[in-house]
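As stored in work_11.json (JSON, C-alpha atoms and all ligand atoms):
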[["chain", "number", "residue", "atom", "x", "y", "z"],
["A", 1, "MET", "CA", -37.19, 48.48, -44.10],
["A", 2, "HIS", "CA", -38.89, 45.31, -45.15],
["A", 3, "ILE", "CA", -40.12, 43.27, -42.17],
["A", 4, "CYS", "CA", -40.64, 39.56, -42.62],
["A", 5, "LYS", "CA", -42.46, 37.95, -39.70],
["A", 6, "VAL", "CA", -41.93, 34.23, -39.17],
["A", 7, "LYS", "CA", -43.18, 31.75, -36.59],
["A", 8, "ASN", "CA", -39.95, 30.64, -35.00],
["A", 9, "TYR", "CA", -36.18, 30.37, -35.21],
["A", 10, "GLN", "CA", -36.28, 27.43, -37.60],
["A", 11, "GLU", "CA", -38.41, 29.28, -40.13],
["A", 12, "LEU", "CA", -36.22, 32.37, -39.71],
["A", 13, "SER", "CA", -33.12, 30.31, -40.46],
["A", 14, "ARG", "CA", -34.64, 28.69, -43.55],
["A", 15, "LYS", "CA", -35.82, 32.02, -44.96],
["A", 16, "ALA", "CA", -32.50, 33.75, -44.33],
["A", 17, "ALA", "CA", -30.57, 30.84, -45.89],
["A", 18, "ASN", "CA", -32.82, 30.92, -48.95],
["A", 19, "ILE", "CA", -32.12, 34.62, -49.45],
["A", 20, "ILE", "CA", -28.36, 34.09, -49.17],
["A", 21, "ALA", "CA", -28.55, 31.04, -51.43],
["A", 22, "ALA", "CA", -30.37, 33.07, -54.08],
["A", 23, "GLN", "CA", -27.65, 35.70, -53.86],
["A", 24, "VAL", "CA", -24.90, 33.11, -54.41],
["A", 25, "ILE", "CA", -26.79, 31.39, -57.24],
["A", 26, "LEU", "CA", -27.43, 34.66, -59.06],
["A", 27, "LYS", "CA", -23.91, 35.98, -58.46],
["A", 28, "PRO", "CA", -21.44, 33.13, -57.75],
["A", 29, "ASP", "CA", -18.63, 35.56, -56.86],
["A", 30, "SER", "CA", -20.70, 37.43, -54.28],
["A", 31, "VAL", "CA", -19.16, 39.15, -51.28],
["A", 32, "LEU", "CA", -21.08, 37.93, -48.24],
["A", 33, "GLY", "CA", -20.91, 39.99, -45.06],
["A", 34, "LEU", "CA", -21.23, 37.59, -42.14],
["A", 35, "ALA", "CA", -22.02, 37.76, -38.43],
["A", 36, "THR", "CA", -21.39, 35.46, -35.49],
["A", 37, "GLY", "CA", -23.51, 34.89, -32.36],
["A", 38, "SER", "CA", -26.58, 32.69, -31.88],
["A", 39, "SER", "CA", -28.87, 34.39, -34.39],
["A", 40, "PRO", "CA", -27.25, 33.20, -37.67],
["A", 41, "VAL", "CA", -26.23, 29.69, -36.50],
["A", 42, "GLY", "CA", -29.38, 28.06, -37.93],
["A", 43, "THR", "CA", -28.92, 29.97, -41.18],
["A", 44, "TYR", "CA", -25.37, 28.62, -41.52],
["A", 45, "GLU", "CA", -26.64, 25.09, -40.80],
["A", 46, "GLN", "CA", -29.14, 25.46, -43.64],
["A", 47, "LEU", "CA", -26.47, 26.77, -46.01],
["A", 48, "VAL", "CA", -24.22, 23.82, -45.17],
["A", 49, "GLN", "CA", -27.09, 21.48, -45.90],
["A", 50, "MET", "CA", -27.75, 23.14, -49.27],
["A", 51, "TYR", "CA", -24.05, 22.79, -50.08],
["A", 52, "GLU", "CA", -24.06, 19.11, -49.08],
["A", 53, "ASN", "CA", -27.13, 18.55, -51.26],
["A", 54, "GLY", "CA", -25.18, 19.96, -54.19],
["A", 55, "ASP", "CA", -27.41, 23.03, -54.47],
["A", 56, "LEU", "CA", -24.81, 25.65, -53.58],
["A", 57, "ASP", "CA", -21.24, 26.33, -54.67],
["A", 58, "PHE", "CA", -19.10, 28.71, -52.61],
["A", 59, "SER", "CA", -15.91, 28.30, -54.63],
["A", 60, "GLN", "CA", -16.00, 31.89, -55.95],
["A", 61, "VAL", "CA", -17.49, 33.55, -52.88],
["A", 62, "THR", "CA", -15.63, 36.04, -50.66],
["A", 63, "THR", "CA", -16.71, 36.65, -47.06],
["A", 64, "VAL", "CA", -16.08, 39.56, -44.72],
["A", 65, "ASN", "CA", -16.98, 39.24, -41.06],
["A", 66, "LEU", "CA", -18.20, 42.04, -38.88],
["A", 67, "ASP", "CA", -15.97, 41.70, -35.88],
["A", 68, "GLU", "CA", -13.44, 39.89, -33.70],
["A", 69, "TYR", "CA", -12.49, 40.02, -30.04],
["A", 70, "LYS", "CA", -9.24, 41.89, -29.46],
["A", 71, "GLY", "CA", -6.63, 39.54, -28.01],
["A", 72, "LEU", "CA", -8.07, 36.26, -29.26],
["A", 73, "ALA", "CA", -6.31, 34.20, -31.91],
["A", 74, "GLY", "CA", -8.30, 32.31, -34.54],
["A", 75, "THR", "CA", -7.32, 29.06, -32.86],
["A", 76, "ASP", "CA", -9.09, 30.13, -29.65],
["A", 77, "PRO", "CA", -12.50, 28.40, -29.53],
["A", 78, "GLN", "CA", -14.09, 31.66, -28.29],
["A", 79, "SER", "CA", -12.80, 33.70, -31.22],
["A", 80, "TYR", "CA", -15.12, 34.67, -34.02],
["A", 81, "ARG", "CA", -12.67, 33.25, -36.59],
["A", 82, "TYR", "CA", -12.98, 29.88, -34.85],
["A", 83, "PHE", "CA", -16.78, 30.22, -34.78],
["A", 84, "MET", "CA", -16.91, 30.90, -38.51],
["A", 85, "ASN", "CA", -14.52, 28.08, -39.35],
["A", 86, "SER", "CA", -16.45, 25.54, -37.34],
["A", 87, "ASN", "CA", -19.99, 26.68, -38.18],
["A", 88, "LEU", "CA", -19.49, 27.41, -41.86],
["A", 89, "PHE", "CA", -16.13, 27.75, -43.59],
["A", 90, "HIS", "CA", -14.80, 24.26, -42.83],
["A", 91, "LYS", "CA", -18.09, 22.71, -43.93],
["A", 92, "ILE", "CA", -18.37, 24.30, -47.39],
["A", 93, "ASN", "CA", -16.05, 24.70, -50.38],
["A", 94, "ILE", "CA", -15.01, 28.31, -49.78],
["A", 95, "PRO", "CA", -11.28, 28.99, -50.27],
["A", 96, "HIS", "CA", -9.90, 29.86, -46.83],
["A", 97, "ASP", "CA", -7.90, 32.79, -48.20],
["A", 98, "ARG", "CA", -11.12, 34.49, -49.31],
["A", 99, "THR", "CA", -12.62, 34.55, -45.81],
["A", 100, "PHE", "CA", -11.80, 37.72, -43.91],
["A", 101, "VAL", "CA", -12.16, 38.39, -40.17],
["A", 102, "PRO", "CA", -10.36, 41.19, -38.27],
["A", 103, "ASP", "CA", -7.08, 40.01, -36.75],
["A", 104, "GLY", "CA", -7.63, 39.81, -32.99],
["A", 105, "THR", "CA", -3.97, 39.04, -32.35],
["A", 106, "GLU", "CA", -2.81, 42.45, -33.61],
["A", 107, "ALA", "CA", -2.28, 44.35, -30.37],
["A", 108, "ASP", "CA", -1.95, 47.70, -32.13],
["A", 109, "SER", "CA", -5.58, 48.69, -32.60],
["A", 110, "SER", "CA", -4.92, 51.32, -35.28],
["A", 111, "ALA", "CA", -2.86, 48.86, -37.31],
["A", 112, "ALA", "CA", -5.48, 46.09, -36.96],
["A", 113, "CYS", "CA", -8.31, 48.40, -38.03],
["A", 114, "ALA", "CA", -6.38, 50.02, -40.90],
["A", 115, "GLU", "CA", -5.43, 46.58, -42.21],
["A", 116, "TYR", "CA", -9.03, 45.37, -42.09],
["A", 117, "ASP", "CA", -10.27, 48.50, -43.85],
["A", 118, "ARG", "CA", -7.65, 47.90, -46.54],
["A", 119, "LYS", "CA", -9.03, 44.39, -47.05],
["A", 120, "LEU", "CA", -12.61, 45.68, -47.14],
["A", 121, "GLN", "CA", -11.54, 48.21, -49.74],
["A", 122, "GLU", "CA", -10.13, 45.37, -51.82],
["A", 123, "THR", "CA", -13.19, 43.13, -51.57],
["A", 124, "GLY", "CA", -15.58, 46.01, -52.22],
["A", 125, "PRO", "CA", -18.96, 46.37, -50.51],
["A", 126, "ALA", "CA", -20.82, 43.26, -49.38],
["A", 127, "ASP", "CA", -23.50, 42.17, -51.82],
["A", 128, "ILE", "CA", -25.47, 41.11, -48.77],
["A", 129, "GLN", "CA", -24.61, 41.72, -45.12],
["A", 130, "ILE", "CA", -26.13, 39.52, -42.42],
["A", 131, "LEU", "CA", -26.62, 41.14, -39.04],
["A", 132, "GLY", "CA", -27.73, 40.03, -35.60],
["A", 133, "LEU", "CA", -29.00, 42.61, -33.12],
["A", 134, "GLY", "CA", -27.49, 43.15, -29.68],
["A", 135, "HIS", "CA", -29.73, 43.74, -26.65],
["A", 136, "ASP", "CA", -28.42, 47.30, -26.49],
["A", 137, "GLY", "CA", -29.10, 47.84, -30.20],
["A", 138, "HIS", "CA", -25.56, 47.18, -31.39],
["A", 139, "ILE", "CA", -24.87, 45.93, -34.91],
["A", 140, "GLY", "CA", -21.45, 44.40, -35.38],
["A", 141, "PHE", "CA", -19.89, 45.66, -32.16],
["A", 142, "ASN", "CA", -20.95, 49.23, -32.79],
["A", 143, "GLU", "CA", -22.12, 49.93, -29.27],
["A", 144, "PRO", "CA", -24.43, 52.82, -28.27],
["A", 145, "ALA", "CA", -22.43, 56.06, -28.52],
["A", 146, "ASP", "CA", -22.78, 59.76, -29.21],
["A", 147, "HIS", "CA", -21.93, 59.37, -32.88],
["A", 148, "PHE", "CA", -21.80, 56.71, -35.59],
["A", 149, "GLU", "CA", -18.30, 55.38, -36.32],
["A", 150, "VAL", "CA", -17.76, 55.11, -40.06],
["A", 151, "SER", "CA", -14.94, 52.60, -40.46],
["A", 152, "THR", "CA", -13.30, 49.72, -38.58],
["A", 153, "HIS", "CA", -12.45, 50.65, -35.02],
["A", 154, "CYS", "CA", -11.66, 49.22, -31.61],
["A", 155, "VAL", "CA", -14.56, 49.31, -29.14],
["A", 156, "ASP", "CA", -14.94, 48.86, -25.42],
["A", 157, "LEU", "CA", -17.77, 46.37, -25.01],
["A", 158, "THR", "CA", -20.65, 47.56, -22.83],
["A", 159, "GLU", "CA", -21.51, 45.80, -19.58],
["A", 160, "GLN", "CA", -24.74, 44.56, -21.21],
["A", 161, "THR", "CA", -22.81, 42.97, -24.08],
["A", 162, "ILE", "CA", -20.29, 41.39, -21.71],
["A", 163, "GLN", "CA", -23.18, 39.93, -19.69],
["A", 164, "ALA", "CA", -24.90, 38.67, -22.85],
["A", 165, "ASN", "CA", -21.73, 37.07, -24.21],
["A", 166, "LYS", "CA", -20.45, 35.48, -21.02],
["A", 167, "ARG", "CA", -22.60, 32.43, -21.81],
["A", 168, "PHE", "CA", -19.98, 31.41, -24.35],
["A", 169, "PHE", "CA", -17.11, 31.60, -21.82],
["A", 170, "GLU", "CA", -16.21, 29.56, -18.75],
["A", 171, "LYS", "CA", -15.89, 32.62, -16.51],
["A", 172, "GLU", "CA", -17.11, 36.19, -16.87],
["A", 173, "GLU", "CA", -13.50, 37.41, -16.44],
["A", 174, "ASP", "CA", -12.61, 35.52, -19.62],
["A", 175, "VAL", "CA", -14.89, 37.67, -21.81],
["A", 176, "PRO", "CA", -12.63, 40.09, -23.70],
["A", 177, "ARG", "CA", -13.41, 43.74, -22.92],
["A", 178, "GLN", "CA", -12.56, 45.04, -26.37],
["A", 179, "ALA", "CA", -13.26, 44.10, -29.97],
["A", 180, "TYR", "CA", -12.45, 45.24, -33.49],
["A", 181, "THR", "CA", -15.56, 45.94, -35.50],
["A", 182, "MET", "CA", -16.54, 47.05, -38.95],
["A", 183, "GLY", "CA", -17.93, 50.58, -38.82],
["A", 184, "ILE", "CA", -21.49, 51.70, -39.45],
["A", 185, "GLY", "CA", -20.41, 53.41, -42.68],
["A", 186, "THR", "CA", -19.08, 50.12, -44.08],
["A", 187, "ILE", "CA", -22.18, 48.22, -42.99],
["A", 188, "MET", "CA", -24.44, 50.85, -44.59],
["A", 189, "ASN", "CA", -22.42, 50.59, -47.82],
["A", 190, "SER", "CA", -23.55, 46.97, -48.25],
["A", 191, "ARG", "CA", -25.81, 46.53, -51.24],
["A", 192, "LYS", "CA", -28.37, 44.55, -49.22],
["A", 193, "ILE", "CA", -28.75, 43.99, -45.50],
["A", 194, "LEU", "CA", -30.43, 41.03, -43.86],
["A", 195, "VAL", "CA", -31.07, 41.24, -40.11],
["A", 196, "VAL", "CA", -32.05, 38.08, -38.22],
["A", 197, "VAL", "CA", -33.70, 38.57, -34.83],
["A", 198, "SER", "CA", -35.29, 35.99, -32.59],
["A", 199, "GLY", "CA", -36.70, 35.79, -29.06],
["A", 200, "LYS", "CA", -38.75, 37.83, -26.58],
["A", 201, "ASP", "CA", -35.59, 39.29, -25.06],
["A", 202, "LYS", "CA", -35.01, 41.22, -28.32],
["A", 203, "ALA", "CA", -38.61, 42.54, -28.62],
["A", 204, "SER", "CA", -38.08, 45.89, -26.96],
["A", 205, "ILE", "CA", -34.81, 46.76, -28.75],
["A", 206, "LEU", "CA", -36.23, 45.60, -32.08],
["A", 207, "LYS", "CA", -39.15, 47.99, -31.59],
["A", 208, "SER", "CA", -36.69, 50.85, -31.03],
["A", 209, "VAL", "CA", -34.70, 49.87, -34.11],
["A", 210, "ILE", "CA", -37.77, 49.79, -36.35],
["A", 211, "GLU", "CA", -39.97, 52.52, -34.87],
["A", 212, "GLY", "CA", -37.72, 54.68, -32.75],
["A", 213, "PRO", "CA", -35.71, 57.74, -33.75],
["A", 214, "VAL", "CA", -32.51, 57.16, -35.71],
["A", 215, "THR", "CA", -29.80, 57.69, -33.14],
["A", 216, "PRO", "CA", -26.28, 56.40, -32.39],
["A", 217, "HIS", "CA", -27.64, 55.50, -28.96],
["A", 218, "VAL", "CA", -29.52, 52.70, -30.75],
["A", 219, "PRO", "CA", -26.96, 51.89, -33.47],
["A", 220, "GLY", "CA", -29.29, 49.51, -35.36],
["A", 221, "SER", "CA", -31.78, 52.35, -35.90],
["A", 222, "ILE", "CA", -29.52, 53.64, -38.71],
["A", 223, "LEU", "CA", -30.81, 50.72, -40.78],
["A", 224, "GLN", "CA", -34.04, 52.72, -41.28],
["A", 225, "PHE", "CA", -31.98, 54.73, -43.78],
["A", 226, "HIS", "CA", -30.73, 51.74, -45.79],
["A", 227, "GLN", "CA", -32.37, 51.31, -49.19],
["A", 228, "ASP", "CA", -32.54, 47.52, -49.15],
["A", 229, "CYS", "CA", -32.77, 46.23, -45.59],
["A", 230, "THR", "CA", -34.85, 43.18, -44.69],
["A", 231, "ILE", "CA", -35.47, 42.17, -41.11],
["A", 232, "ILE", "CA", -36.50, 38.57, -40.59],
["A", 233, "ALA", "CA", -37.82, 38.20, -37.08],
["A", 234, "ASP", "CA", -39.91, 35.66, -35.23],
["A", 235, "GLU", "CA", -43.22, 36.35, -33.51],
["A", 236, "ASP", "CA", -41.54, 36.70, -30.12],
["A", 237, "ALA", "CA", -39.08, 39.33, -31.36],
["A", 238, "LEU", "CA", -41.89, 41.23, -33.07],
["A", 239, "SER", "CA", -44.29, 40.93, -30.13],
["A", 240, "GLU", "CA", -44.07, 44.65, -29.29],
["A", 241, "ILE", "CA", -44.81, 45.83, -32.82],
["A", 242, "ASN", "CA", -48.16, 45.94, -34.62],
["A", 243, "LEU", "CA", -47.66, 44.85, -38.20],
["B", 301, "LIG", "C1", -21.64, 39.18, -34.04],
["B", 301, "LIG", "C2", -22.11, 40.54, -33.89],
["B", 301, "LIG", "C3", -23.13, 40.94, -32.87],
["B", 301, "LIG", "C4", -24.27, 39.95, -32.71],
["B", 301, "LIG", "C5", -25.23, 40.43, -31.63],
["B", 301, "LIG", "C6", -26.37, 39.47, -31.40],
["B", 301, "LIG", "O1", -20.70, 39.09, -35.08],
["B", 301, "LIG", "O2", -21.65, 41.36, -34.59],
["B", 301, "LIG", "O3", -23.64, 42.19, -33.24],
["B", 301, "LIG", "O4", -24.94, 39.81, -33.93],
["B", 301, "LIG", "O5", -24.54, 40.59, -30.43],
["B", 301, "LIG", "O6", -25.87, 38.29, -30.88],
["B", 301, "LIG", "P1", -26.77, 36.99, -30.73],
["B", 301, "LIG", "O7", -27.15, 36.57, -32.10],
["B", 301, "LIG", "O8", -25.88, 35.98, -30.05],
["B", 301, "LIG", "O9", -27.95, 37.39, -29.91]]

Take the structure from the file and write it as structure tokens.
Ligand code: F6R
Amino acid sequence: MHICKVKNYQELSRKAANIIAAQVILKPDSVLGLATGSSPVGTYEQLVQMYENGDLDFSQVTTVNLDEYKGLAGTDPQSYRYFMNSNLFHKINIPHDRTFVPDGTEADSSAACAEYDRKLQETGPADIQILGLGHDGHIGFNEPADHFEVSTHCVDLTEQTIQANKRFFEKEEDVPRQAYTMGIGTIMNSRKILVVVSGKDKASILKSVIEGPVTPHVPGSILQFHQDCTIIADEDALSEINL
């Protein structure tokens, strides 16, 4: 694991965007694995700015997102499809039909997951996968469990994740209890992985991810086994680690 310590969220976002930009410049038809949540928002803002400045062209890029809430349509402002459209896809020149997010409206979990795996098979592994880190160590929505799930599956969100995500919803009851998520096997198949972590509230889990034993009870710890994983984290998130 390569750890890159930065001062704050703004520096984190600029560094992460520069790495993704380099990927797209060097390989214009890259497959970008994308995440939602607060952590990558600044990175997406930077990428949009680079696009607006004429420094980046997404016309040949394909994207695959990590996850989607089960039951939410892409038109729902709380859905991850909506998040991606409004934070990135609608602001750059990526063809909409090359942006993939699991289909939250498919009520049959096995069908939804099989269909997403078929798409991931078609796109091939992500050239670079961006990840945020959940307070319970989840990556994508791979929650702590007794084993690592390899491919796309339906998960029951943990109470901690529901609590963390309720800030995006009007009422706690509105937070979906299930999600479709890319599996750990698919994430680990990415050629490069870029994890963005910010804030004191992530310090303890980040320490476990970097220094703790590799265990499905801390799903992000599996990243210790990835050959090309960079963690960009701010001083607050790294405050429990001596570098
Ligand atoms: C989002 C995702 C999640 C988040 C994680 C951190 O697509 O897969 O794993 O990355 O919950 O969320 P934030 O960045 O909001 O702290």

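The protein and nucleic acid residues lying at most 12 Å from Asn242 of chain A are Ile3, Lys5, Ala203, Lys207, Ile210, Glu211, Glu235, Ala237 and Leu238 of chain A, with all atoms listed in the file considered and sequence neighbours fewer than 4 positions away removed.
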
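Atom CA of Asp67 of chain A is found 11.6 Å from atom O6 of ligand LIG 301 (chain B).
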
Against segment 41-45 of chain A, which residues of segment 113-184 of chain A fall within 12 Å? For each one I want the closest pair of atoms and the distance in Å (one decimal), counting only C-alpha atoms, rows by chain and increasing residue number, as CSV.
residue,atom,partner,partner_atom,distance
A:Ile130,CA,A:Thr43,CA,10.0
A:Leu131,CA,A:Thr43,CA,11.6
A:Gly132,CA,A:Val41,CA,10.5

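One distance worth recording is that between atom CA of Glu149 of chain A and atom CA of Asp76 of chain A, which is 27.7 Å.
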
(request) Return as an NGL selection string the residues of protein, DNA or RNA that approach ligand LIG 301 (chain B) to within 6 Å, with all atoms listed in the file taken into account. (result) :A and (35-39 or 66-67 or 131-134 or 138-141)

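With distances restricted to all atoms listed in the file, A:Glu159 is the closest residue to Pro144 of chain A from A:Asp234, A:Glu122, A:Glu159, A:Glu173.
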
(request) Would you mind listing what lies within 10 Å of Ile162 of chain A as a ChimeraX atom specification, with only C-alpha atoms counted and same-chain residues fewer than 6 positions away left out? (result) /A:156,172-178

Can I get the selected residues back with C-alpha atoms, as a PDB file, in the coordinates of the input?
ATOM      1  CA  ASP A 156     -14.940  48.860 -25.420  1.00  0.00           C
ATOM      2  CA  GLU A 172     -17.110  36.190 -16.870  1.00  0.00           C
ATOM      3  CA  GLU A 173     -13.500  37.410 -16.440  1.00  0.00           C
ATOM      4  CA  ASP A 174     -12.610  35.520 -19.620  1.00  0.00           C
ATOM      5  CA  VAL A 175     -14.890  37.670 -21.810  1.00  0.00           C
ATOM      6  CA  PRO A 176     -12.630  40.090 -23.700  1.00  0.00           C
ATOM      7  CA  ARG A 177     -13.410  43.740 -22.920  1.00  0.00           C
ATOM      8  CA  GLN A 178     -12.560  45.040 -26.370  1.00  0.00           C
TER       9      GLN A 178
END

(request) Extract, using only C-alpha atoms, all DNA, RNA and protein residues at most 12 Å from segment 13-17 of chain A, discarding same-chain residues fewer than 4 positions from it, and format them as a PyMOL selection string. (result) chain A and resi 4-9+21-25+38-51+56+128-132+193-198+230-234

Edge lengths and centre in Å to one decimal, as JSON, of the axis-aligned box that encloses all listed atoms of segment 192-201 of chain A with 8 Å added on every side?
{"center_x": -33.6, "center_y": 40.2, "center_z": -37.1, "size_x": 26.4, "size_y": 24.8, "size_z": 40.2}

Please, could all heavy atoms be added to segment 55-64 of chain A and the result written as a tab-separated table (two decimals), keeping the file's coordinate frame?
chain	number	residue	atom	x	y	z
A	55	ASP	N	-26.64	21.90	-53.95
A	55	ASP	CA	-27.41	23.03	-54.47
A	55	ASP	C	-26.66	24.35	-54.41
A	55	ASP	O	-27.12	25.36	-54.95
A	55	ASP	CB	-28.73	23.17	-53.69
A	55	ASP	CG	-29.67	22.01	-53.98
A	55	ASP	OD1	-29.61	21.48	-55.10
A	55	ASP	OD2	-30.44	21.63	-53.08
A	56	LEU	N	-25.54	24.39	-53.71
A	56	LEU	CA	-24.81	25.65	-53.58
A	56	LEU	C	-23.31	25.43	-53.76
A	56	LEU	O	-22.76	24.44	-53.27
A	56	LEU	CB	-25.03	26.26	-52.19
A	56	LEU	CG	-26.21	27.19	-51.98
A	56	LEU	CD1	-26.14	27.79	-50.58
A	56	LEU	CD2	-26.23	28.32	-53.01
A	57	ASP	N	-22.68	26.40	-54.43
A	57	ASP	CA	-21.24	26.33	-54.67
A	57	ASP	C	-20.61	27.63	-54.16
A	57	ASP	O	-20.99	28.72	-54.62
A	57	ASP	CB	-21.02	26.17	-56.19
A	57	ASP	CG	-19.55	26.26	-56.56
A	57	ASP	OD1	-18.69	26.11	-55.66
A	57	ASP	OD2	-19.27	26.47	-57.75
A	58	PHE	N	-19.71	27.52	-53.21
A	58	PHE	CA	-19.10	28.71	-52.61
A	58	PHE	C	-17.68	28.96	-53.14
A	58	PHE	O	-16.95	29.76	-52.58
A	58	PHE	CB	-19.03	28.56	-51.08
A	58	PHE	CG	-20.38	28.59	-50.40
A	58	PHE	CD1	-21.12	27.43	-50.22
A	58	PHE	CD2	-20.92	29.79	-49.96
A	58	PHE	CE1	-22.35	27.45	-49.59
A	58	PHE	CE2	-22.16	29.83	-49.33
A	58	PHE	CZ	-22.88	28.65	-49.14
A	59	SER	N	-17.31	28.25	-54.21
A	59	SER	CA	-15.91	28.30	-54.63
A	59	SER	C	-15.46	29.68	-55.11
A	59	SER	O	-14.28	29.98	-55.11
A	59	SER	CB	-15.64	27.26	-55.73
A	59	SER	OG	-16.44	27.55	-56.85
A	60	GLN	N	-16.40	30.54	-55.49
A	60	GLN	CA	-16.00	31.89	-55.95
A	60	GLN	C	-16.39	32.99	-54.96
A	60	GLN	O	-16.22	34.17	-55.23
A	60	GLN	CB	-16.67	32.18	-57.29
A	60	GLN	CG	-16.22	31.26	-58.41
A	60	GLN	CD	-17.00	31.58	-59.67
A	60	GLN	OE1	-16.96	32.69	-60.18
A	60	GLN	NE2	-17.76	30.61	-60.15
A	61	VAL	N	-16.97	32.58	-53.84
A	61	VAL	CA	-17.49	33.55	-52.88
A	61	VAL	C	-16.36	34.15	-52.03
A	61	VAL	O	-15.36	33.49	-51.76
A	61	VAL	CB	-18.55	32.86	-51.97
A	61	VAL	CG1	-18.84	33.67	-50.71
A	61	VAL	CG2	-19.83	32.59	-52.75
A	62	THR	N	-16.52	35.40	-51.63
A	62	THR	CA	-15.63	36.04	-50.66
A	62	THR	C	-16.49	36.38	-49.45
A	62	THR	O	-17.65	36.77	-49.61
A	62	THR	CB	-15.05	37.34	-51.24
A	62	THR	OG1	-14.26	37.02	-52.39
A	62	THR	CG2	-14.18	38.08	-50.24
A	63	THR	N	-15.94	36.24	-48.25
A	63	THR	CA	-16.71	36.65	-47.06
A	63	THR	C	-15.93	37.68	-46.25
A	63	THR	O	-14.70	37.63	-46.17
A	63	THR	CB	-17.04	35.45	-46.14
A	63	THR	OG1	-15.81	34.91	-45.63
A	63	THR	CG2	-17.82	34.38	-46.87
A	64	VAL	N	-16.68	38.59	-45.65
A	64	VAL	CA	-16.08	39.56	-44.72
A	64	VAL	C	-16.91	39.52	-43.44
A	64	VAL	O	-18.12	39.65	-43.48
A	64	VAL	CB	-16.07	41.00	-45.31
A	64	VAL	CG1	-15.06	41.11	-46.44
A	64	VAL	CG2	-17.43	41.44	-45.81
